[in-house]
$ cat target-v6.tsv   # TSV, C-alpha atoms
chain	number	residue	atom	x	y	z
A	28	MET	CA	71.18	99.14	183.65
A	29	SER	CA	70.18	101.21	180.61
A	30	ASP	CA	72.67	102.97	178.36
A	31	ALA	CA	70.44	106.07	178.32
A	32	ALA	CA	71.46	108.79	180.78
A	33	PRO	CA	68.80	109.28	183.47
A	34	ALA	CA	69.61	112.96	183.98
A	35	PRO	CA	71.55	115.33	181.78
A	36	ALA	CA	74.78	116.77	183.14
A	37	LYS	CA	77.02	119.51	181.85
A	38	PRO	CA	78.57	118.25	178.59
A	39	ALA	CA	82.19	117.16	178.91
A	40	PRO	CA	84.16	117.33	175.65
A	41	ALA	CA	85.24	113.77	174.86
A	42	TRP	CA	88.72	114.74	173.67
A	43	GLY	CA	89.44	116.34	177.04
A	44	ILE	CA	88.74	113.22	179.10
A	45	LEU	CA	91.73	111.06	180.05
A	46	PRO	CA	91.32	107.34	179.24
A	47	ASP	CA	91.43	106.29	182.91
A	48	GLU	CA	88.66	108.76	183.75
A	49	TRP	CA	86.00	107.36	181.44
A	50	LYS	CA	84.66	104.51	183.58
A	51	GLY	CA	84.13	106.71	186.62
A	52	ILE	CA	82.51	109.49	184.61
A	53	LEU	CA	80.13	107.05	182.91
A	54	ALA	CA	79.21	105.44	186.24
A	55	GLU	CA	78.50	108.85	187.82
A	56	ARG	CA	76.03	109.58	185.02
A	57	GLY	CA	74.27	106.25	185.28
A	58	LEU	CA	75.90	104.88	182.14
A	59	ARG	CA	77.51	101.48	181.84
A	60	PRO	CA	81.24	101.71	182.72
A	61	PHE	CA	82.14	98.80	180.43
A	62	ARG	CA	81.37	101.10	177.48
A	63	ALA	CA	84.57	103.04	178.28
A	64	ASP	CA	86.79	100.67	176.29
A	65	GLN	CA	84.45	100.85	173.31
A	66	ILE	CA	84.52	104.65	173.47
A	67	LEU	CA	88.32	104.69	173.54
A	68	GLN	CA	88.45	102.27	170.63
A	69	SER	CA	86.20	104.57	168.61
A	70	LEU	CA	88.05	107.77	169.53
A	71	TYR	CA	91.69	106.69	169.32
A	72	ARG	CA	91.85	103.53	167.23
A	73	ASP	CA	89.07	104.14	164.71
A	74	TYR	CA	89.63	107.92	164.90
A	75	ILE	CA	85.99	108.77	164.36
A	76	GLY	CA	85.05	112.27	163.21
A	77	GLY	CA	81.64	112.13	164.88
A	78	TRP	CA	79.71	109.80	167.18
A	79	ASP	CA	77.54	108.58	164.31
A	80	GLU	CA	80.67	106.86	162.97
A	81	ALA	CA	81.00	104.77	166.16
A	82	THR	CA	78.88	101.97	164.73
A	83	THR	CA	80.07	99.41	167.29
A	84	LEU	CA	78.01	101.32	169.87
A	85	PRO	CA	74.19	101.11	170.15
A	86	LYS	CA	72.37	103.96	168.45
A	87	ASP	CA	70.68	105.22	171.65
A	88	PHE	CA	74.07	105.32	173.39
A	89	ARG	CA	75.53	107.28	170.49
A	90	GLU	CA	72.77	109.84	170.93
A	91	THR	CA	73.63	110.11	174.62
A	92	LEU	CA	77.32	110.57	173.78
A	93	LYS	CA	76.47	113.38	171.35
A	94	LYS	CA	74.69	115.28	174.11
A	95	GLU	CA	76.91	114.49	177.08
A	96	PHE	CA	80.37	114.02	175.52
A	97	PRO	CA	80.49	116.05	172.30
A	98	LEU	CA	83.46	116.00	169.97
A	99	THR	CA	85.08	119.43	169.86
A	100	PRO	CA	83.96	121.43	166.82
A	101	ALA	CA	87.20	122.20	164.99
A	102	THR	CA	87.80	122.66	161.28
A	103	ILE	CA	90.72	123.40	158.97
A	104	ALA	CA	89.94	126.96	157.88
A	105	ALA	CA	93.04	127.54	155.74
A	106	THR	CA	96.20	125.76	154.66
A	107	SER	CA	99.52	126.69	153.15
A	108	GLU	CA	102.14	124.31	151.88
A	109	SER	CA	105.82	124.80	151.23
A	110	GLY	CA	107.83	123.39	148.39
A	111	ASP	CA	109.69	121.26	150.95
A	112	GLY	CA	106.45	119.55	151.98
A	113	THR	CA	105.84	121.48	155.20
A	114	LYS	CA	102.12	122.09	155.75
A	115	LYS	CA	100.62	124.77	157.95
A	116	LEU	CA	96.98	124.42	158.99
A	117	LEU	CA	94.77	127.12	160.45
A	118	VAL	CA	92.42	125.35	162.87
A	119	ALA	CA	89.20	127.22	163.64
A	120	PHE	CA	87.02	126.67	166.70
A	121	GLU	CA	83.34	127.24	167.38
A	122	ASP	CA	83.86	130.73	168.84
A	123	GLY	CA	85.52	131.97	165.64
A	124	ASN	CA	89.06	131.95	167.02
A	125	ALA	CA	91.80	130.03	165.24
A	126	VAL	CA	95.29	128.69	165.87
A	127	GLU	CA	98.03	127.24	163.73
A	128	THR	CA	99.48	123.76	163.64
A	129	VAL	CA	102.39	122.79	161.41
A	130	LEU	CA	103.27	119.41	159.89
A	131	ILE	CA	106.90	118.74	159.03
A	132	GLN	CA	107.81	115.66	157.02
A	133	ALA	CA	111.32	114.20	157.27
A	134	THR	CA	112.85	110.77	156.72
A	135	GLY	CA	111.30	108.45	159.31
A	136	ARG	CA	109.59	111.31	161.14
A	137	PHE	CA	106.33	113.21	160.80
A	138	THR	CA	106.40	116.04	163.33
A	139	GLN	CA	103.49	118.22	164.38
A	140	CYS	CA	103.94	121.63	165.98
A	141	ILE	CA	100.95	122.32	168.26
A	142	SER	CA	99.53	125.57	169.69
A	143	THR	CA	98.27	126.07	173.25
A	144	GLN	CA	96.84	129.60	173.07
A	145	VAL	CA	95.09	131.88	170.58
A	146	GLY	CA	97.87	134.41	170.14
A	147	CYS	CA	100.51	134.93	172.81
A	148	ALA	CA	101.09	137.39	175.65
A	149	MET	CA	104.87	136.99	175.85
A	150	GLY	CA	105.67	139.66	173.26
A	151	CYS	CA	108.88	138.24	171.75
A	152	VAL	CA	109.65	140.90	169.17
A	153	PHE	CA	110.49	138.55	166.27
A	154	CYS	CA	107.45	136.28	166.72
A	155	ALA	CA	104.24	136.80	164.75
A	156	SER	CA	102.20	134.79	167.29
A	157	GLY	CA	102.26	137.63	169.80
A	158	ALA	CA	101.90	140.48	167.33
A	159	ARG	CA	98.31	141.04	168.50
A	160	GLY	CA	98.58	139.73	172.03
A	161	VAL	CA	96.71	136.80	173.50
A	162	VAL	CA	92.97	136.22	173.01
A	163	ARG	CA	92.51	133.16	175.22
A	164	SER	CA	94.05	129.87	176.25
A	165	LEU	CA	92.94	126.62	174.65
A	166	LYS	CA	91.18	123.86	176.54
A	167	ALA	CA	92.72	120.39	176.54
A	168	ASP	CA	90.18	119.09	174.02
A	169	GLU	CA	91.06	121.92	171.60
A	170	ILE	CA	94.75	121.04	171.84
A	171	VAL	CA	93.93	117.38	171.19
A	172	ALA	CA	91.67	118.41	168.30
A	173	GLN	CA	94.72	119.82	166.48
A	174	TYR	CA	96.42	116.44	166.76
A	175	LEU	CA	93.38	114.55	165.54
A	176	LEU	CA	92.89	116.87	162.55
A	177	ALA	CA	96.56	116.50	161.64
A	178	ARG	CA	96.29	112.71	161.60
A	179	ARG	CA	94.31	113.03	158.37
A	180	PHE	CA	97.65	113.78	156.71
A	181	GLY	CA	99.56	110.83	158.17
A	182	ASP	CA	100.64	109.13	161.38
A	183	ILE	CA	102.26	111.66	163.70
A	184	THR	CA	105.57	110.41	165.13
A	185	ASN	CA	106.57	113.49	167.13
A	186	ILE	CA	104.87	116.49	168.71
A	187	VAL	CA	106.53	119.78	169.60
A	188	VAL	CA	104.45	122.19	171.69
A	189	MET	CA	106.12	125.09	169.99
A	190	GLY	CA	103.26	126.77	168.13
A	191	MET	CA	101.21	129.77	169.14
A	192	GLY	CA	101.18	130.62	172.85
A	193	GLU	CA	103.31	129.88	175.91
A	194	PRO	CA	102.53	126.33	177.15
A	195	PHE	CA	103.39	127.14	180.76
A	196	ALA	CA	100.91	130.04	180.71
A	197	ASN	CA	98.29	127.35	180.10
A	198	TYR	CA	99.96	124.64	182.16
A	199	ALA	CA	97.06	122.49	183.37
A	200	GLU	CA	95.23	122.22	180.05
A	201	THR	CA	98.45	121.66	178.11
A	202	MET	CA	99.55	118.85	180.42
A	203	ARG	CA	96.10	117.22	180.33
A	204	ALA	CA	96.15	117.23	176.53
A	205	LEU	CA	99.67	115.79	176.33
A	206	ARG	CA	98.91	113.10	178.91
A	207	LEU	CA	95.90	112.10	176.82
A	208	ILE	CA	97.94	111.94	173.60
A	209	ASN	CA	100.59	109.94	175.47
A	210	ALA	CA	98.10	107.54	177.14
A	211	GLY	CA	98.27	103.85	176.23
A	212	LYS	CA	94.53	103.64	175.61
A	213	GLY	CA	94.64	107.03	173.92
A	214	PRO	CA	96.75	107.81	170.84
A	215	ASN	CA	99.73	106.25	172.68
A	216	LEU	CA	102.41	108.61	171.40
A	217	GLY	CA	105.58	108.00	173.44
A	218	ALA	CA	106.48	110.63	176.04
A	219	ARG	CA	109.98	111.00	174.61
A	220	HIS	CA	108.41	111.95	171.29
A	221	ILE	CA	106.66	114.94	172.89
A	222	THR	CA	108.58	118.18	173.46
A	223	ILE	CA	107.32	121.18	175.42
A	224	SER	CA	108.90	124.51	174.51
A	225	THR	CA	108.91	127.52	176.86
A	226	CYS	CA	110.22	131.04	176.42
A	227	GLY	CA	111.62	130.80	179.94
A	228	VAL	CA	108.76	130.66	182.46
A	229	VAL	CA	110.74	129.46	185.47
A	230	PRO	CA	107.79	128.26	187.63
A	231	GLY	CA	106.66	126.06	184.73
A	232	ILE	CA	110.10	124.49	184.41
A	233	GLU	CA	110.15	123.80	188.14
A	234	LYS	CA	106.65	122.31	188.04
A	235	LEU	CA	107.45	120.07	185.07
A	236	ALA	CA	110.48	118.73	186.94
A	237	ASP	CA	108.10	117.36	189.58
A	238	GLU	CA	105.73	115.67	187.11
A	239	ASN	CA	107.70	112.41	186.83
A	240	ILE	CA	106.97	112.18	183.13
A	241	GLN	CA	109.46	111.81	180.30
A	242	PHE	CA	108.35	114.68	178.07
A	243	GLU	CA	111.25	116.56	176.53
A	244	LEU	CA	111.85	120.24	177.38
A	245	SER	CA	113.23	123.02	175.22
A	246	VAL	CA	113.88	126.60	176.30
A	247	SER	CA	114.04	129.56	173.93
A	248	LEU	CA	117.12	131.67	174.65
A	249	HIS	CA	117.71	133.74	171.49
A	250	ALA	CA	120.23	135.94	173.33
A	251	PRO	CA	123.21	135.20	175.59
A	252	ASN	CA	122.86	138.12	178.03
A	253	ASP	CA	120.12	139.93	179.93
A	254	GLU	CA	120.39	143.25	178.11
A	255	LEU	CA	119.82	141.79	174.67
A	256	ARG	CA	117.40	139.10	175.78
A	257	SER	CA	115.18	141.61	177.59
A	258	ARG	CA	114.94	143.62	174.36
A	259	LEU	CA	113.99	140.57	172.32
A	260	MET	CA	111.97	138.68	174.96
A	261	PRO	CA	110.13	140.67	177.65
A	262	VAL	CA	109.81	137.49	179.74
A	263	ASN	CA	113.48	137.96	180.63
A	264	ARG	CA	112.59	140.99	182.75
A	265	GLN	CA	110.54	138.72	185.02
A	266	TRP	CA	112.85	135.70	184.97
A	267	PRO	CA	116.35	136.87	183.96
A	268	LEU	CA	119.13	134.49	183.02
A	269	ASP	CA	120.47	134.28	186.57
A	270	GLU	CA	117.13	132.69	187.51
A	271	LEU	CA	116.45	130.80	184.30
A	272	ILE	CA	119.80	129.03	183.92
A	273	PRO	CA	119.92	127.69	187.52
A	274	ALA	CA	116.31	126.48	187.11
A	275	CYS	CA	117.35	124.63	183.95
A	276	ALA	CA	120.37	123.12	185.70
A	277	ALA	CA	118.15	121.98	188.57
A	278	TYR	CA	115.69	120.46	186.08
A	279	THR	CA	118.39	118.35	184.44
A	280	LYS	CA	119.74	117.25	187.80
A	281	LYS	CA	116.31	116.18	189.05
A	282	THR	CA	114.99	114.55	185.88
A	283	LYS	CA	118.28	113.32	184.37
A	284	ARG	CA	116.93	114.66	181.07
A	285	ILE	CA	118.64	116.91	178.55
A	286	ILE	CA	117.34	120.42	177.97
A	287	THR	CA	117.47	121.85	174.46
A	288	PHE	CA	118.16	125.58	174.17
A	289	GLU	CA	116.72	127.20	171.06
A	290	TYR	CA	118.72	130.09	169.60
A	291	THR	CA	117.26	131.90	166.59
A	292	VAL	CA	120.01	133.83	164.82
A	293	ILE	CA	118.99	137.29	163.55
A	294	GLU	CA	121.28	139.24	161.26
A	295	GLY	CA	122.86	142.23	162.99
A	296	VAL	CA	121.06	141.54	166.28
A	297	ASN	CA	122.42	138.44	168.02
A	298	ASP	CA	124.77	137.03	165.37
A	299	SER	CA	128.20	138.34	166.41
A	300	ARG	CA	131.21	136.24	167.37
A	301	ALA	CA	130.93	137.80	170.85
A	302	CYS	CA	127.36	136.51	171.11
A	303	ALA	CA	128.49	133.04	170.07
A	304	ASP	CA	131.26	133.00	172.71
A	305	GLU	CA	128.87	134.27	175.38
A	306	LEU	CA	126.25	131.69	174.43
A	307	ALA	CA	128.78	128.87	174.79
A	308	ARG	CA	129.75	130.03	178.28
A	309	LEU	CA	126.10	130.39	179.30
A	310	VAL	CA	124.96	126.95	178.13
A	311	ARG	CA	127.92	125.22	179.76
A	312	ARG	CA	126.40	126.21	183.12
A	313	VAL	CA	123.73	123.54	182.51
A	314	PRO	CA	125.23	120.04	182.85
A	315	MET	CA	122.91	118.28	180.39
A	316	ALA	CA	122.16	120.68	177.56
A	317	LYS	CA	122.29	121.04	173.81
A	318	VAL	CA	121.66	123.95	171.46
A	319	ASN	CA	119.52	124.18	168.34
A	320	LEU	CA	120.76	126.99	166.09
A	321	ILE	CA	117.98	128.28	163.86
A	322	PRO	CA	118.29	130.93	161.14
A	323	LEU	CA	115.43	133.42	161.47
A	324	SER	CA	112.35	132.82	159.34
A	325	PRO	CA	111.37	136.30	158.09
A	326	VAL	CA	108.23	137.75	159.68
A	327	SER	CA	106.02	140.26	157.92
A	328	HIS	CA	105.55	142.55	160.93
A	329	ARG	CA	109.32	142.96	161.40
A	330	PRO	CA	110.89	143.61	157.97
A	331	ASP	CA	113.99	144.98	159.75
A	332	PHE	CA	114.79	141.49	161.06
A	333	ARG	CA	116.68	139.49	158.44
A	334	THR	CA	117.89	135.93	157.99
A	335	PRO	CA	121.66	135.49	158.57
A	336	ASP	CA	123.91	134.09	155.87
A	337	GLU	CA	125.39	130.60	155.87
A	338	ARG	CA	128.79	131.85	156.94
A	339	THR	CA	127.38	133.30	160.15
A	340	MET	CA	125.52	130.09	160.98
A	341	MET	CA	128.67	128.02	160.46
A	342	MET	CA	130.66	130.40	162.67
A	343	PHE	CA	128.16	129.91	165.51
A	344	LEU	CA	128.25	126.16	165.05
A	345	ASP	CA	132.05	126.14	165.09
A	346	VAL	CA	132.28	128.24	168.28
A	347	LEU	CA	129.82	126.05	170.18
A	348	MET	CA	131.29	122.78	169.02
A	349	LYS	CA	134.81	123.87	169.97
A	350	ALA	CA	133.44	124.76	173.42
A	351	LYS	CA	132.16	121.16	173.62
A	352	VAL	CA	128.50	122.21	173.52
A	353	GLN	CA	126.31	119.67	171.75
A	354	THR	CA	124.82	121.65	168.87
A	355	MET	CA	122.48	121.10	165.94
A	356	LEU	CA	122.10	123.50	163.02
A	357	ARG	CA	118.43	123.49	162.12
A	358	ARG	CA	117.35	124.52	158.66
A	359	SER	CA	114.20	126.64	158.47
A	360	ARG	CA	111.33	124.71	156.94
A	361	GLY	CA	108.32	126.05	155.10
A	362	LYS	CA	109.68	129.51	154.23
A	363	ASP	CA	107.16	129.80	151.39
A	364	ALA	CA	104.27	128.66	153.63
A	365	ASN	CA	104.15	131.53	156.13
A	366	ALA	CA	106.62	129.53	158.19
A	367	ALA	CA	107.04	131.72	161.26
A	368	CYS	CA	104.61	131.07	164.11
A	369	GLY	CA	101.44	133.13	163.77
A	370	GLN	CA	101.98	134.22	160.17
A	371	LEU	CA	99.06	132.32	158.65
A	372	ARG	CA	96.70	133.54	161.38
A	373	LEU	CA	97.88	137.15	160.89
A	374	ARG	CA	97.36	136.86	157.14
A	375	ASN	CA	93.81	135.62	157.66
A	376	LEU	CA	93.01	138.27	160.28
A	377	ASP	CA	94.30	140.97	157.94
A	378	GLY	CA	92.13	139.59	155.15
A	379	GLN	CA	89.03	139.57	157.36
A	380	GLU	CA	89.64	143.19	158.42
A	381	ARG	CA	90.03	144.34	154.81
A	382	HIS	CA	86.65	142.82	153.97
A	383	ASN	CA	84.82	144.31	156.97
$ encode --input "target-v6.tsv" --output "structure tokens"
Amino acid sequence: MSDAAPAPAKPAPAWGILPDEWKGILAERGLRPFRADQILQSLYRDYIGGWDEATTLPKDFRETLKKEFPLTPATIAATSESGDGTKKLLVAFEDGNAVETVLIQATGRFTQCISTQVGCAMGCVFCASGARGVVRSLKADEIVAQYLLARRFGDITNIVVMGMGEPFANYAETMRALRLINAGKGPNLGARHITISTCGVVPGIEKLADENIQFELSVSLHAPNDELRSRLMPVNRQWPLDELIPACAAYTKKTKRIITFEYTVIEGVNDSRACADELARLVRRVPMAKVNLIPLSPVSHRPDFRTPDERTMMMFLDVLMKAKVQTMLRRSRGKDANAACGQLRLRNLDGQERHN
């Protein structure tokens, strides 16, 4: 059997194909299935940047791969780096759209924050990602492309799907990308080192509970009651806390996995002692839960939202700990690198508009 394809088919981006799919796809196109392992070696062990670099493969087969299984065109269009070592990359795609991915270095960990959409439709008022709405969802190969570009800066130990976009609004493509990154013959990043973050899309939480996969789940709360949360996060009007919290409790019961609740503290908005007490009571309704307290990273489109002082953060931590809620106080990283989600993209969009 020849390695040359007898008839062209619609190109399938290589970074969107799961490792266990390659043999069947090659066979369907009249290509030798045994080449699958060589392809995976080139993609996820040699980390080639183009098929011409896959020198273990015959030249005519490389030409076929270029046409039938292209590598996703993605480039680093802009970068910003913080004094603490946090890097933010603006990743541009062939259609001119771009997303952000962030690299956070810590002792023994190199964490990447990945985006799943260009922009975001959820409209959380303190988030720069949704300041201009959503343009489109990313395909699985575009999500994987962010990971592969980031590997140029070091070996990624952890992924948090916490960048631009709502992962559960792009469920199928997000899960395909994460399964690929997790796959043994793919990059082989452990499932427990991958965290999916949602703003509270209840059907997505319920669907993930049925996946039988050990990805971690975090849920953005940012307010302890419906009135305040609906003002900050419009998603709460569709899935209020009396739906969200039971769904989270059911998730932990079914999966036996802890849920992390994210709570960004905003001065004068959700930072009172009453809010802390209410948050403790709310989270205790979920049997296996912990809280990440995060001081707000300032966002340019909301100058009225300010970062709380240290005293306020310690008060929140004290209230939750005394209520026996497992709590971590997270320090904002990359404040001098357009740290908040969407900031670098907004800065570049503003620059483009000024020059048009």
$ residues_near_point --input "target-v6.tsv" --point "(105.5, 128.3, 180.1)" --cutoff "6 Å" --atoms "all atoms listed in the file" --output "PyMOL selection string"
chain A and resi 193-196+225+228+231
$ residues_around --input "target-v6.tsv" --residues "A:Leu70" --least-positions-apart "6" --cutoff "9 Å" --atoms "only C-alpha atoms" --output "JSON, numbers by chain"
{"A": [41, 42, 76, 78, 81, 213, 214]}
$ closest_residue --input "target-v6.tsv" --among "A:Gln139, A:Thr282, A:Leu268, A:Arg258" --to "A:Ile240" --atoms "only C-alpha atoms"
A:Thr282
$ atom_distance --input "target-v6.tsv" --atom1 "atom CA of A:Leu130" --atom2 "atom CA of A:Ala204"
18.2 Å
$ closest_atom_pairs --input "target-v6.tsv" --of "stretch 103-202 of chain A" --to "stretch 45-58 of chain A" --cutoff "12 Å" --atoms "all atoms listed in the file" --output "CSV"
residue,atom,partner,partner_atom,distance
A:Ala167,CA,A:Leu45,CA,10.0
A:Asp168,CA,A:Leu45,CA,10.2
A:Val171,CA,A:Leu45,CA,11.1
A:Glu200,CA,A:Leu45,CA,11.7
A:Met202,CA,A:Leu45,CA,11.0
$ closest_residue --input "target-v6.tsv" --among "A:Ala155, A:Ser107, A:Phe180, A:Gly190" --to "A:Ser142" --atoms "all atoms listed in the file"
A:Gly190
$ residues_near_point --input "target-v6.tsv" --point "(117.6, 133.5, 184.0)" --cutoff "12 Å" --atoms "only C-alpha atoms" --output "CSV table (one decimal) with C-alpha atoms, keeping the file's coordinate frame"
chain,number,residue,atom,x,y,z
A,226,CYS,CA,110.2,131.0,176.4
A,227,GLY,CA,111.6,130.8,179.9
A,228,VAL,CA,108.8,130.7,182.5
A,229,VAL,CA,110.7,129.5,185.5
A,230,PRO,CA,107.8,128.3,187.6
A,232,ILE,CA,110.1,124.5,184.4
A,246,VAL,CA,113.9,126.6,176.3
A,247,SER,CA,114.0,129.6,173.9
A,248,LEU,CA,117.1,131.7,174.6
A,250,ALA,CA,120.2,135.9,173.3
A,251,PRO,CA,123.2,135.2,175.6
A,252,ASN,CA,122.9,138.1,178.0
A,253,ASP,CA,120.1,139.9,179.9
A,254,GLU,CA,120.4,143.2,178.1
A,256,ARG,CA,117.4,139.1,175.8
A,257,SER,CA,115.2,141.6,177.6
A,260,MET,CA,112.0,138.7,175.0
A,262,VAL,CA,109.8,137.5,179.7
A,263,ASN,CA,113.5,138.0,180.6
A,264,ARG,CA,112.6,141.0,182.8
A,265,GLN,CA,110.5,138.7,185.0
A,266,TRP,CA,112.8,135.7,185.0
A,267,PRO,CA,116.4,136.9,184.0
A,268,LEU,CA,119.1,134.5,183.0
A,269,ASP,CA,120.5,134.3,186.6
A,270,GLU,CA,117.1,132.7,187.5
A,271,LEU,CA,116.4,130.8,184.3
A,272,ILE,CA,119.8,129.0,183.9
A,273,PRO,CA,119.9,127.7,187.5
A,274,ALA,CA,116.3,126.5,187.1
A,275,CYS,CA,117.4,124.6,184.0
A,276,ALA,CA,120.4,123.1,185.7
A,309,LEU,CA,126.1,130.4,179.3
A,310,VAL,CA,125.0,127.0,178.1
A,312,ARG,CA,126.4,126.2,183.1
A,313,VAL,CA,123.7,123.5,182.5
$ residues_around --input "target-v6.tsv" --residues "A:Ala303" --least-positions-apart "5" --cutoff "12 Å" --atoms "all atoms listed in the file" --output "list in words"
His249, Ala250, Pro251, Asn252, Tyr290, Thr291, Val292, Val296, Asn297, Asp298, Arg308, Leu309, Val310, Val318, Leu320, Thr339, Met340, Met341, Met342, Phe343, Leu344, Asp345, Val346, Leu347, Met348, Lys349, Ala350 and Val352 of chain A
$ closest_residue --input "target-v6.tsv" --among "A:Val188, A:Ala199, A:Ala277, A:Ile208" --to "A:Ala172" --atoms "only C-alpha atoms"
A:Ile208
$ residues_around --input "target-v6.tsv" --residues "A:Asp331" --least-positions-apart "5" --cutoff "12 Å" --atoms "all atoms listed in the file" --output "MDAnalysis selection string"
chainID A and resid 152:153 293:296 323 325:326
$ residues_around --input "target-v6.tsv" --residues "A:Ile221" --least-positions-apart "5" --cutoff "7 Å" --atoms "only C-alpha atoms" --output "PDB file with C-alpha atoms, in the frame of the given file"
ATOM      1  CA  ASN A 185     106.570 113.490 167.130  1.00  0.00           C
ATOM      2  CA  ILE A 186     104.870 116.490 168.710  1.00  0.00           C
ATOM      3  CA  VAL A 187     106.530 119.780 169.600  1.00  0.00           C
ATOM      4  CA  PHE A 242     108.350 114.680 178.070  1.00  0.00           C
ATOM      5  CA  GLU A 243     111.250 116.560 176.530  1.00  0.00           C
TER       6      GLU A 243
END
$ atom_distance --input "target-v6.tsv" --atom1 "atom CA of A:Ile321" --atom2 "atom CA of A:Arg358"
6.4 Å
$ atom_distance --input "target-v6.tsv" --atom1 "atom CA of A:Val129" --atom2 "atom CA of A:Lys115"
4.4 Å
$ closest_residue --input "target-v6.tsv" --among "A:Arg178, A:Lys281, A:Arg300, A:Arg333" --to "A:Glu233" --atoms "all atoms listed in the file"
A:Lys281
$ closest_residue --input "target-v6.tsv" --among "A:Thr83, A:Lys317, A:Tyr71, A:Thr106" --to "A:Asn209" --atoms "all atoms listed in the file"
A:Tyr71
$ closest_residue --input "target-v6.tsv" --among "A:Leu176, A:Ala218, A:Cys154, A:Met189" --to "A:Ile75" --atoms "all atoms listed in the file"
A:Leu176
$ build_atoms --input "target-v6.tsv" --residues "stretch 319-332 of chain A" --atoms "N, CA and C atoms" --output "short mmCIF file (atom, residue, chain, number, x, y, z; two decimals), in the coordinates of the input"
data_model
loop_
_atom_site.label_atom_id
_atom_site.label_comp_id
_atom_site.auth_asym_id
_atom_site.auth_seq_id
_atom_site.Cartn_x
_atom_site.Cartn_y
_atom_site.Cartn_z
N ASN A 319 120.00 124.16 169.72
CA ASN A 319 119.52 124.18 168.34
C ASN A 319 119.74 125.59 167.79
N LEU A 320 120.56 125.72 166.79
CA LEU A 320 120.76 126.99 166.09
C LEU A 320 119.78 127.06 164.93
N ILE A 321 119.03 128.16 164.86
CA ILE A 321 117.98 128.28 163.86
C ILE A 321 118.11 129.63 163.15
N PRO A 322 118.30 129.65 161.84
CA PRO A 322 118.29 130.93 161.14
C PRO A 322 116.87 131.50 161.14
N LEU A 323 116.74 132.78 161.38
CA LEU A 323 115.43 133.42 161.47
C LEU A 323 114.58 133.17 160.22
N SER A 324 113.32 132.79 160.43
CA SER A 324 112.35 132.82 159.34
C SER A 324 111.77 134.22 159.29
N PRO A 325 111.86 134.92 158.15
CA PRO A 325 111.37 136.30 158.09
C PRO A 325 109.92 136.41 158.52
N VAL A 326 109.60 137.50 159.24
CA VAL A 326 108.23 137.75 159.68
C VAL A 326 107.76 139.08 159.12
N SER A 327 106.52 139.10 158.65
CA SER A 327 106.02 140.26 157.92
C SER A 327 105.95 141.52 158.77
N HIS A 328 105.71 141.36 160.10
CA HIS A 328 105.55 142.55 160.93
C HIS A 328 106.89 143.13 161.38
N ARG A 329 108.01 142.46 161.06
CA ARG A 329 109.32 142.96 161.40
C ARG A 329 110.26 142.86 160.19
N PRO A 330 110.04 143.69 159.17
CA PRO A 330 110.89 143.61 157.97
C PRO A 330 112.35 143.97 158.24
N ASP A 331 112.62 144.62 159.40
CA ASP A 331 113.99 144.98 159.75
C ASP A 331 114.79 143.78 160.27
N PHE A 332 114.11 142.70 160.60
CA PHE A 332 114.79 141.49 161.06
C PHE A 332 115.04 140.59 159.85
#
